[in-house]
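Enquirer: Contents of start-v5.tsv (TSV, C-alpha atoms) are given next:
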```tsv
chain	number	residue	atom	x	y	z
A	1	MET	CA	-0.50	-26.73	11.51
A	2	ALA	CA	1.02	-28.40	8.50
A	3	PRO	CA	3.82	-26.61	6.60
A	4	GLY	CA	2.83	-25.04	3.33
A	5	ILE	CA	-0.60	-23.82	4.46
A	6	PHE	CA	-1.45	-20.45	2.88
A	7	PHE	CA	-3.02	-17.63	4.87
A	8	CYS	CA	-4.79	-14.87	2.99
A	9	ALA	CA	-5.86	-11.34	3.96
A	10	ASP	CA	-7.74	-9.55	1.18
A	11	GLY	CA	-7.73	-5.84	0.41
A	12	GLU	CA	-9.69	-3.76	-2.06
A	13	ASP	CA	-6.89	-1.88	-3.85
A	14	HIS	CA	-4.63	-3.49	-6.43
A	15	HIS	CA	-1.17	-4.37	-5.23
A	16	HIS	CA	1.87	-2.40	-6.34
A	17	ARG	CA	3.41	-5.36	-8.15
A	18	LEU	CA	2.00	-6.93	-11.26
A	19	LEU	CA	-1.02	-9.19	-10.77
A	20	SER	CA	0.74	-11.83	-12.83
A	21	GLU	CA	2.92	-12.65	-9.83
A	22	SER	CA	1.63	-15.71	-8.06
A	23	PRO	CA	2.24	-17.56	-4.78
A	24	SER	CA	5.00	-19.40	-6.60
A	25	GLN	CA	7.28	-16.36	-6.38
A	26	GLU	CA	10.63	-17.23	-4.90
A	27	SER	CA	11.03	-14.60	-2.17
A	28	CYS	CA	9.11	-12.58	0.41
A	29	PHE	CA	7.51	-9.48	-1.12
A	30	MET	CA	8.61	-7.33	1.86
A	31	CYS	CA	12.08	-8.48	2.90
A	32	ASP	CA	13.12	-10.49	-0.18
A	33	LYS	CA	14.02	-13.49	1.98
A	34	PRO	CA	13.83	-16.74	-0.03
A	35	LEU	CA	10.59	-18.61	0.66
A	36	ASP	CA	10.99	-22.11	2.04
A	37	ARG	CA	8.32	-24.32	0.45
A	38	SER	CA	8.45	-26.63	3.48
A	39	ALA	CA	7.42	-23.77	5.81
A	40	ASP	CA	4.29	-21.63	6.11
A	41	ILE	CA	3.83	-18.95	3.47
A	42	PHE	CA	1.61	-16.03	4.38
A	43	MET	CA	-0.53	-14.53	1.63
A	44	TYR	CA	-2.05	-11.07	1.22
A	45	ARG	CA	-4.49	-10.02	-1.48
A	46	GLY	CA	-4.46	-13.47	-2.93
A	47	ASN	CA	-1.27	-13.21	-4.95
A	48	THR	CA	1.45	-11.79	-2.71
A	49	SER	CA	3.65	-14.12	-0.64
A	50	PHE	CA	5.34	-13.25	2.65
A	51	CYS	CA	7.74	-15.22	4.82
A	52	SER	CA	6.09	-14.20	8.12
A	53	THR	CA	3.04	-12.57	9.66
A	54	GLU	CA	5.28	-9.61	10.54
A	55	CYS	CA	6.25	-8.95	6.91
A	56	ARG	CA	2.64	-9.35	5.80
A	57	GLN	CA	1.41	-7.01	8.57
A	58	GLU	CA	3.98	-4.37	7.61
A	59	GLN	CA	2.63	-4.39	4.02
A	60	ILE	CA	-0.97	-4.22	5.27
A	61	GLU	CA	-0.11	-1.20	7.43
A	62	MET	CA	1.68	0.52	4.53
A	63	ASP	CA	-1.33	-0.07	2.27
A	64	ASP	CA	-3.73	1.21	4.95
A	65	ALA	CA	-1.65	4.37	5.43
A	66	GLU	CA	-1.61	4.99	1.66
A	67	LYS	CA	-5.37	4.44	1.51
A	68	ARG	CA	-5.93	6.98	4.33
A	69	ARG	CA	-3.62	9.48	2.60
A	70	ARG	CA	-5.54	9.17	-0.67
A	71	LYS	CA	-8.86	9.52	1.14
A	72	ARG	CA	-7.70	12.71	2.93
A	73	SER	CA	-6.35	14.13	-0.32
A	74	ALA	CA	-9.59	13.40	-2.19
A	75	HIS	CA	-11.65	14.87	0.66
A	76	ARG	CA	-9.49	18.01	0.72
A	77	ALA	CA	-9.78	18.48	-3.05
A	78	LYS	CA	-13.53	17.93	-2.93
A	79	SER	CA	-14.00	20.42	-0.10
A	80	GLU	CA	-11.82	23.05	-1.82
A	81	SER	CA	-13.77	22.79	-5.07
A	82	ALA	CA	-17.12	22.88	-3.24
A	83	THR	CA	-16.27	26.01	-1.24
A	84	GLY	CA	-14.20	27.75	-3.90
A	85	ASN	CA	-11.36	27.86	-1.36
A	86	TYR	CA	-8.56	28.21	-3.87
A	87	LYS	CA	-5.18	29.68	-3.06
A	88	SER	CA	-4.69	33.12	-4.50
A	89	VAL	CA	-1.47	34.42	-6.00
A	90	ARG	CA	-0.57	38.08	-5.84
A	91	THR	CA	0.62	39.38	-9.18
A	92	ASP	CA	1.22	43.13	-8.67
A	93	ALA	CA	4.76	44.53	-8.85
A	94	ILE	CA	6.78	45.57	-5.84
A	95	GLN	CA	9.09	48.56	-6.19
A	96	VAL	CA	12.34	48.49	-4.21
A	97	ALA	CA	14.15	51.79	-3.60
```
Would you write the structure of this file as structure tokens?
Expert:
Amino acid sequence: MAPGIFFCADGEDHHHRLLSESPSQESCFMCDKPLDRSADIFMYRGNTSFCSTECRQEQIEMDDAEKRRRKRSAHRAKSESATGNYKSVRTDAIQVA
């Protein structure tokens, strides 16, 4: 494979960095290692550059974990509002002798 070929793995959520960043960024998004323009650059979500498949995969896994966390949180909130399962707080006074 020729150096400089871009690999891309798309996701549905927006990336944490500004979309204005392009493949011309100077360093790996994950490890901050300077990108060598004569070597392969690995892309994720179209605009984020990584120095290796390992760095790209680490970001993919972090994004997937965050997506699962949000999904669980939304499901929990939806189920609590549907069942009226709210936490109660006791407000009466306690007398200590």
Enquirer: Neighbourhood query: residues within 8 Å of (7.0, -15.2, 8.4), file coordinates, counting only C-alpha atoms; return as a list in words.
Expert: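 Output of the proximity query reads Asp40, Ile41, Phe42, Phe50, Cys51, Ser52, Thr53, Glu54, Cys55 and Arg56 of chain A.
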Enquirer: Between CA of Gln25 in chain A and CA of Asn47 in chain A, measure the distance and give it in Å to one decimal.
Expert: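 So the answer is 9.2 Å.
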Enquirer: Would you compute the distance between CA of Ala74 in chain A and CA of Arg45 in chain A? Give it in Å to one decimal.
Expert: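 Value for the CA of Ala74 in chain A-CA of Arg45 in chain A distance: 24.0 Å.
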Enquirer: Quick one, how far is CA of Lys67 in chain A from CA of Asp32 in chain A?
Expert: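 CA of Asp32 in chain A lies at a distance of 23.8 Å from CA of Lys67 in chain A.
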